[in-house]
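Participant: File name structure01.pdb; file contents PDB, C-alpha atoms, pLDDT in the B column; full text below.
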```pdb
MODEL        1
ATOM      1  CA  MET N   1      80.428  93.000 -13.445  1.00 78.00           C
ATOM      2  CA  GLU N   2      79.745  90.365 -16.063  1.00 93.00           C
ATOM      3  CA  HIS N   3      82.150  89.400 -18.867  1.00 95.00           C
ATOM      4  CA  LYS N   4      80.010  91.267 -21.389  1.00 94.00           C
ATOM      5  CA  ASP N   5      80.080  94.467 -19.292  1.00 96.00           C
ATOM      6  CA  LEU N   6      83.862  94.380 -19.017  1.00 98.00           C
ATOM      7  CA  MET N   7      84.209  93.616 -22.722  1.00 97.00           C
ATOM      8  CA  ARG N   8      82.130  96.726 -23.438  1.00 97.00           C
ATOM      9  CA  LEU N   9      84.720  98.721 -21.476  1.00 98.00           C
ATOM     10  CA  ALA N  10      87.423  97.186 -23.678  1.00 98.00           C
ATOM     11  CA  LEU N  11      85.355  98.166 -26.727  1.00 98.00           C
ATOM     12  CA  ASN N  12      85.254 101.747 -25.462  1.00 98.00           C
ATOM     13  CA  GLU N  13      89.063 101.672 -25.344  1.00 98.00           C
ATOM     14  CA  ALA N  14      89.132 100.283 -28.895  1.00 98.00           C
ATOM     15  CA  LYS N  15      86.913 103.161 -30.048  1.00 98.00           C
ATOM     16  CA  LEU N  16      89.386 105.635 -28.540  1.00 97.00           C
ATOM     17  CA  ALA N  17      92.134 103.986 -30.581  1.00 97.00           C
ATOM     18  CA  PHE N  18      89.962 104.154 -33.707  1.00 96.00           C
ATOM     19  CA  ASP N  19      89.389 107.889 -33.191  1.00 96.00           C
ATOM     20  CA  MET N  20      93.172 108.395 -32.895  1.00 95.00           C
ATOM     21  CA  GLY N  21      93.905 106.517 -36.125  1.00 95.00           C
ATOM     22  CA  GLU N  22      95.244 103.490 -34.262  1.00 96.00           C
ATOM     23  CA  VAL N  23      94.235  99.897 -34.954  1.00 96.00           C
ATOM     24  CA  PRO N  24      91.107  99.677 -32.767  1.00 97.00           C
ATOM     25  CA  VAL N  25      92.082  97.208 -30.085  1.00 98.00           C
ATOM     26  CA  GLY N  26      91.162  97.859 -26.473  1.00 98.00           C
ATOM     27  CA  CYS N  27      91.979  96.027 -23.278  1.00 98.00           C
ATOM     28  CA  VAL N  28      90.768  95.999 -19.677  1.00 98.00           C
ATOM     29  CA  ILE N  29      92.152  93.976 -16.768  1.00 98.00           C
ATOM     30  CA  ALA N  30      89.961  93.142 -13.790  1.00 98.00           C
ATOM     31  CA  ASP N  31      91.007  91.688 -10.449  1.00 97.00           C
ATOM     32  CA  GLU N  32      89.393  88.650  -8.805  1.00 95.00           C
ATOM     33  CA  ALA N  33      86.545  90.807  -7.460  1.00 95.00           C
ATOM     34  CA  GLY N  34      85.796  92.177 -10.943  1.00 95.00           C
ATOM     35  CA  ASN N  35      87.246  95.617 -10.264  1.00 97.00           C
ATOM     36  CA  VAL N  36      88.958  97.250 -13.233  1.00 98.00           C
ATOM     37  CA  ILE N  37      92.606  97.774 -12.350  1.00 98.00           C
ATOM     38  CA  ALA N  38      93.963  98.683 -15.792  1.00 98.00           C
ATOM     39  CA  SER N  39      92.775  99.726 -19.222  1.00 98.00           C
ATOM     40  CA  ALA N  40      94.504 100.674 -22.453  1.00 98.00           C
ATOM     41  CA  HIS N  41      94.227 100.862 -26.218  1.00 98.00           C
ATOM     42  CA  ASN N  42      96.742 100.507 -29.014  1.00 97.00           C
ATOM     43  CA  LEU N  43      99.277 103.313 -29.307  1.00 97.00           C
ATOM     44  CA  THR N  44     101.640 101.857 -31.884  1.00 95.00           C
ATOM     45  CA  GLU N  45     101.202 104.637 -34.452  1.00 91.00           C
ATOM     46  CA  LYS N  46     101.149 107.626 -32.113  1.00 88.00           C
ATOM     47  CA  GLY N  47     104.250 106.569 -30.212  1.00 83.00           C
ATOM     48  CA  GLN N  48     105.965 104.904 -33.174  1.00 90.00           C
ATOM     49  CA  ASP N  49     106.334 101.857 -30.915  1.00 95.00           C
ATOM     50  CA  ALA N  50     105.581  98.411 -32.332  1.00 95.00           C
ATOM     51  CA  THR N  51     105.233  97.048 -28.784  1.00 97.00           C
ATOM     52  CA  ALA N  52     102.566  99.540 -27.654  1.00 97.00           C
ATOM     53  CA  HIS N  53      99.735  97.024 -27.977  1.00 98.00           C
ATOM     54  CA  ALA N  54      96.710  97.461 -25.726  1.00 98.00           C
ATOM     55  CA  GLU N  55      97.419  94.241 -23.824  1.00 98.00           C
ATOM     56  CA  LEU N  56     101.034  95.135 -23.014  1.00 98.00           C
ATOM     57  CA  LEU N  57     100.110  98.635 -21.896  1.00 98.00           C
ATOM     58  CA  ALA N  58      97.335  97.306 -19.645  1.00 98.00           C
ATOM     59  CA  ILE N  59      99.570  94.563 -18.201  1.00 98.00           C
ATOM     60  CA  LYS N  60     102.244  97.126 -17.311  1.00 98.00           C
ATOM     61  CA  GLU N  61      99.625  99.315 -15.611  1.00 98.00           C
ATOM     62  CA  ALA N  62      98.211  96.363 -13.658  1.00 98.00           C
ATOM     63  CA  GLN N  63     101.681  95.246 -12.574  1.00 98.00           C
ATOM     64  CA  LYS N  64     102.380  98.686 -11.124  1.00 97.00           C
ATOM     65  CA  LYS N  65      99.403  98.092  -8.830  1.00 96.00           C
ATOM     66  CA  LEU N  66      99.653  94.361  -8.087  1.00 96.00           C
ATOM     67  CA  GLY N  67     103.218  93.319  -8.843  1.00 94.00           C
ATOM     68  CA  ARG N  68     104.657  91.069 -11.503  1.00 94.00           C
ATOM     69  CA  ARG N  69     102.266  88.148 -11.175  1.00 95.00           C
ATOM     70  CA  LEU N  70      98.645  88.819 -12.064  1.00 97.00           C
ATOM     71  CA  GLY N  71      97.177  85.439 -11.098  1.00 92.00           C
ATOM     72  CA  GLY N  72      93.457  85.657 -10.523  1.00 94.00           C
ATOM     73  CA  CYS N  73      93.102  88.585 -12.904  1.00 98.00           C
ATOM     74  CA  THR N  74      91.063  88.498 -16.095  1.00 98.00           C
ATOM     75  CA  LEU N  75      92.193  90.287 -19.230  1.00 98.00           C
ATOM     76  CA  TYR N  76      89.484  91.475 -21.642  1.00 98.00           C
ATOM     77  CA  VAL N  77      90.587  92.367 -25.158  1.00 98.00           C
ATOM     78  CA  THR N  78      88.667  93.055 -28.336  1.00 98.00           C
ATOM     79  CA  LEU N  79      90.965  91.014 -30.599  1.00 98.00           C
ATOM     80  CA  GLU N  80      92.719  87.721 -29.935  1.00 97.00           C
ATOM     81  CA  PRO N  81      96.257  88.504 -28.708  1.00 97.00           C
ATOM     82  CA  CYS N  82      99.264  88.248 -31.018  1.00 96.00           C
ATOM     83  CA  PRO N  83     102.305  86.115 -30.090  1.00 95.00           C
ATOM     84  CA  MET N  84     104.019  88.995 -28.268  1.00 96.00           C
ATOM     85  CA  CYS N  85     100.958  89.772 -26.154  1.00 97.00           C
ATOM     86  CA  ALA N  86     100.131  86.107 -25.579  1.00 95.00           C
ATOM     87  CA  GLY N  87     103.652  85.627 -24.222  1.00 94.00           C
ATOM     88  CA  ALA N  88     103.252  88.570 -21.848  1.00 96.00           C
ATOM     89  CA  ILE N  89      99.877  87.234 -20.698  1.00 96.00           C
ATOM     90  CA  LEU N  90     101.337  83.812 -19.954  1.00 94.00           C
ATOM     91  CA  LEU N  91     104.458  85.163 -18.254  1.00 94.00           C
ATOM     92  CA  SER N  92     102.450  87.525 -16.043  1.00 96.00           C
ATOM     93  CA  ARG N  93     100.290  84.549 -14.971  1.00 95.00           C
ATOM     94  CA  ILE N  94      96.949  86.132 -15.870  1.00 96.00           C
ATOM     95  CA  GLY N  95      94.334  83.493 -15.082  1.00 95.00           C
ATOM     96  CA  THR N  96      91.709  84.177 -17.737  1.00 97.00           C
ATOM     97  CA  VAL N  97      91.597  85.910 -21.103  1.00 97.00           C
ATOM     98  CA  VAL N  98      88.292  86.951 -22.651  1.00 98.00           C
ATOM     99  CA  PHE N  99      88.455  88.180 -26.227  1.00 97.00           C
ATOM    100  CA  GLY N 100      85.939  89.361 -28.776  1.00 97.00           C
ATOM    101  CA  ALA N 101      87.165  88.569 -32.285  1.00 96.00           C
ATOM    102  CA  ARG N 102      89.537  85.885 -33.469  1.00 95.00           C
ATOM    103  CA  ASP N 103      92.652  86.981 -35.298  1.00 95.00           C
ATOM    104  CA  TRP N 104      93.079  84.263 -37.907  1.00 92.00           C
ATOM    105  CA  GLU N 105      96.360  85.747 -39.157  1.00 92.00           C
ATOM    106  CA  ARG N 106      98.204  86.676 -35.957  1.00 93.00           C
ATOM    107  CA  GLY N 107      96.162  85.288 -33.071  1.00 94.00           C
ATOM    108  CA  ALA N 108      98.337  83.193 -30.790  1.00 94.00           C
ATOM    109  CA  LEU N 109      96.158  81.959 -27.939  1.00 92.00           C
ATOM    110  CA  LEU N 110      93.868  79.747 -30.034  1.00 91.00           C
ATOM    111  CA  SER N 111      94.003  80.481 -33.761  1.00 89.00           C
ATOM    112  CA  ASN N 112      97.612  79.909 -34.779  1.00 85.00           C
ATOM    113  CA  ALA N 113     100.203  79.101 -32.147  1.00 84.00           C
ATOM    114  CA  ASN N 114      97.496  77.852 -29.735  1.00 83.00           C
ATOM    115  CA  LEU N 115      99.654  78.867 -26.774  1.00 85.00           C
ATOM    116  CA  ALA N 116      96.721  78.566 -24.386  1.00 84.00           C
ATOM    117  CA  ASN N 117      96.798  74.801 -24.859  1.00 81.00           C
ATOM    118  CA  THR N 118     100.478  74.132 -25.573  1.00 84.00           C
ATOM    119  CA  TRP N 119     102.242  76.380 -23.038  1.00 82.00           C
ATOM    120  CA  THR N 120     103.816  74.252 -20.312  1.00 76.00           C
ATOM    121  CA  GLY N 121     104.589  77.099 -17.906  1.00 76.00           C
ATOM    122  CA  GLY N 122     101.042  77.282 -16.501  1.00 76.00           C
ATOM    123  CA  LYS N 123      97.467  77.390 -17.693  1.00 84.00           C
ATOM    124  CA  VAL N 124      95.313  80.236 -18.860  1.00 91.00           C
ATOM    125  CA  GLU N 125      91.580  79.917 -19.405  1.00 94.00           C
ATOM    126  CA  VAL N 126      90.462  81.463 -22.696  1.00 96.00           C
ATOM    127  CA  LEU N 127      86.901  82.525 -23.447  1.00 96.00           C
ATOM    128  CA  GLU N 128      86.046  83.907 -26.855  1.00 95.00           C
ATOM    129  CA  GLY N 129      83.217  85.535 -28.727  1.00 91.00           C
ATOM    130  CA  PHE N 130      82.076  88.193 -26.250  1.00 93.00           C
ATOM    131  CA  CYS N 131      80.755  91.187 -28.251  1.00 95.00           C
ATOM    132  CA  SER N 132      82.418  89.603 -31.283  1.00 95.00           C
ATOM    133  CA  SER N 133      80.208  91.255 -33.895  1.00 96.00           C
ATOM    134  CA  GLU N 134      80.932  94.726 -32.480  1.00 96.00           C
ATOM    135  CA  CYS N 135      84.661  94.005 -32.258  1.00 96.00           C
ATOM    136  CA  GLU N 136      84.787  92.670 -35.817  1.00 95.00           C
ATOM    137  CA  ALA N 137      82.729  95.588 -37.194  1.00 96.00           C
ATOM    138  CA  LEU N 138      85.042  98.157 -35.601  1.00 96.00           C
ATOM    139  CA  LEU N 139      88.100  96.478 -37.117  1.00 95.00           C
ATOM    140  CA  LYS N 140      86.439  96.176 -40.561  1.00 95.00           C
ATOM    141  CA  ASP N 141      85.428  99.845 -40.463  1.00 94.00           C
ATOM    142  CA  PHE N 142      88.959 100.864 -39.575  1.00 93.00           C
ATOM    143  CA  PHE N 143      90.684  98.854 -42.269  1.00 91.00           C
ATOM    144  CA  SER N 144      88.136  99.681 -44.973  1.00 89.00           C
ATOM    145  CA  SER N 145      88.715 103.380 -44.287  1.00 82.00           C
ATOM    146  CA  ARG N 146      92.459 102.811 -44.790  1.00 76.00           C
ATOM    147  CA  ARG N 147      92.160 101.126 -48.193  1.00 66.00           C
TER
ENDMDL
END
```
As structure tokens, please, write out the structure in this file.
Facilitator:
Amino acid sequence: MEHKDLMRLALNEAKLAFDMGEVPVGCVIADEAGNVIASAHNLTEKGQDATAHAELLAIKEAQKKLGRRLGGCTLYVTLEPCPMCAGAILLSRIGTVVFGARDWERGALLSNANLANTWTGGKVEVLEGFCSSECEALLKDFFSSRR
């Protein structure tokens, strides 16, 4: 599968979150062969758990299958990861992150903390902008319906 195809799967997860009243962020993790090994969407509201971000839920699922280190895996997420999720990505040794929309307020891989380029514990490749207009529109729709 191509990056865009896997990002569309992450968008499907984000739409599930949207339908549940959760912030619409979805995540998919693929192994080196491009096989989906984990997928998740935000569940912070439903579970009353501030750590139930799509990325963390997907990482935990992938680690159950592959172990602690996820080197060679690619994480696809609709919104640039926050500091908590960026830390989990780096510590789990995910090789590549592909995200749709930048998070100019809380994004930590490129936008604010720039952990992708300043982390000294290993490198992560970051690709951005895949399906960005769809990711941004879903987030705008969600937050405009809340205000």
Participant: Let me make sure I understand: among N:Asn112, N:Ser132, N:Asn117, N:Gln63, which one has the smallest atom-to-atom distance to Cys82 of chain N if we use only C-alpha atoms?
Facilitator: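 Checking each of N:Asn112, N:Ser132, N:Asn117, N:Gln63 against Cys82 of chain N, counting only C-alpha atoms, the winner is N:Asn112.
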Participant: Once the PyMOL selection byres ((chain N and resi 1) around 10) is applied to the coordinates I shared, what remains selected? I want it as a ChimeraX atom specification.
Facilitator: /N:2-6,30,33-36
Participant: Using all atoms listed in the file, which protein or nucleic acid residues come within 9 Å of Glu55 of chain N? Drop anything in the same chain fewer than 6 positions from it, and give the result as a list in words.
Facilitator: Val25, Gly26, Cys27, Val28, Ile29, Ser39, Ala40, His41, Asn42, Leu75, Tyr76, Val77, Pro81, Cys85, Ala86, Ala88 and Ile89 of chain N
Participant: Could you tell me how far atom CA of Ala58 of chain N sits from atom CA of Ser133 of chain N, in Å to one decimal place?
Facilitator: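 Spanning atom CA of Ser133 of chain N to atom CA of Ala58 of chain N is a straight-line distance of 23.1 Å.
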Participant: Atom CA of Thr74 of chain N and atom CA of Leu16 of chain N, how far apart in Å?
Facilitator: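 Rounded to one decimal, the two atoms are 21.2 Å apart.
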Participant: Run through the PyMOL selection byres ((chain N and resi 65) around 12) on the given coordinates and return the selected residues as a PyMOL selection string.
Facilitator: chain N and resi 29-31+36-38+58-64+66-70
Participant: Find the distance between atom CA of Asn12 of chain N and atom CA of Phe99 of chain N and write it in Å to one decimal.
Facilitator: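 Atom CA of Phe99 of chain N lies at a distance of 14.0 Å from atom CA of Asn12 of chain N.
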Participant: Given all atoms listed in the file as the basis, pick out the residue of N:Ser145, N:Leu138, N:Trp104, N:Phe130 nearest to Glu13 of chain N.
Facilitator: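 When distances to Glu13 of chain N are compared using all atoms listed in the file, the smallest one comes from N:Leu138.
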Participant: Between N:Ala52, N:Leu127, N:Leu9, N:Ala116, which has the minimum distance to Leu91 of chain N (counting only C-alpha atoms)?
Facilitator: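 Closest to Leu91 of chain N of all the choices is N:Ala116.
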Participant: Find, counting all atoms listed in the file, the residue in N:Met84, N:Gln48, N:Gly71, N:Thr120 that gets nearest to Val97 of chain N.
Facilitator: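 Once distances to Val97 of chain N are computed over all atoms listed in the file, the minimum belongs to N:Gly71.
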Participant: Which residues come within 12 Å of Lys46 of chain N, counting only C-alpha atoms, excluding same-chain residues fewer than 3 positions away, as a ChimeraX atom specification?
Facilitator: /N:17-23,41-43,49-53
Participant: Run the PyMOL selection byres ((chain N and resi 95) around 6) mentally over the shown coordinates, then write out the matched residues as a PyMOL selection string, using the chain letters and numbers from the document.
Facilitator: chain N and resi 71-73+94+96+124
Participant: Looking at N:Phe143, N:Lys15, N:Gly121, N:Met7, which one is nearest to Val98 of chain N, with distances taken over only C-alpha atoms?
Facilitator: N:Met7
Participant: Each side padded by 5 Å, which centre and which edge lengths in Å (one decimal) define the axis-aligned box around the listed atoms of segment 101-119 of chain N? Give them as lines of an AutoDock Vina configuration file.
Facilitator:
```
center_x = 94.7
center_y = 81.4
center_z = -31.1
size_x = 25.1
size_y = 24.4
size_z = 26.1
```
Participant: Looking at all atoms listed in the file, which of N:Arg102, N:Asn114, N:Gly129, N:Phe142 is the one that sits closest to Glu80 of chain N?
Facilitator: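 Nearest candidate to Glu80 of chain N out of N:Arg102, N:Asn114, N:Gly129, N:Phe142: N:Arg102.
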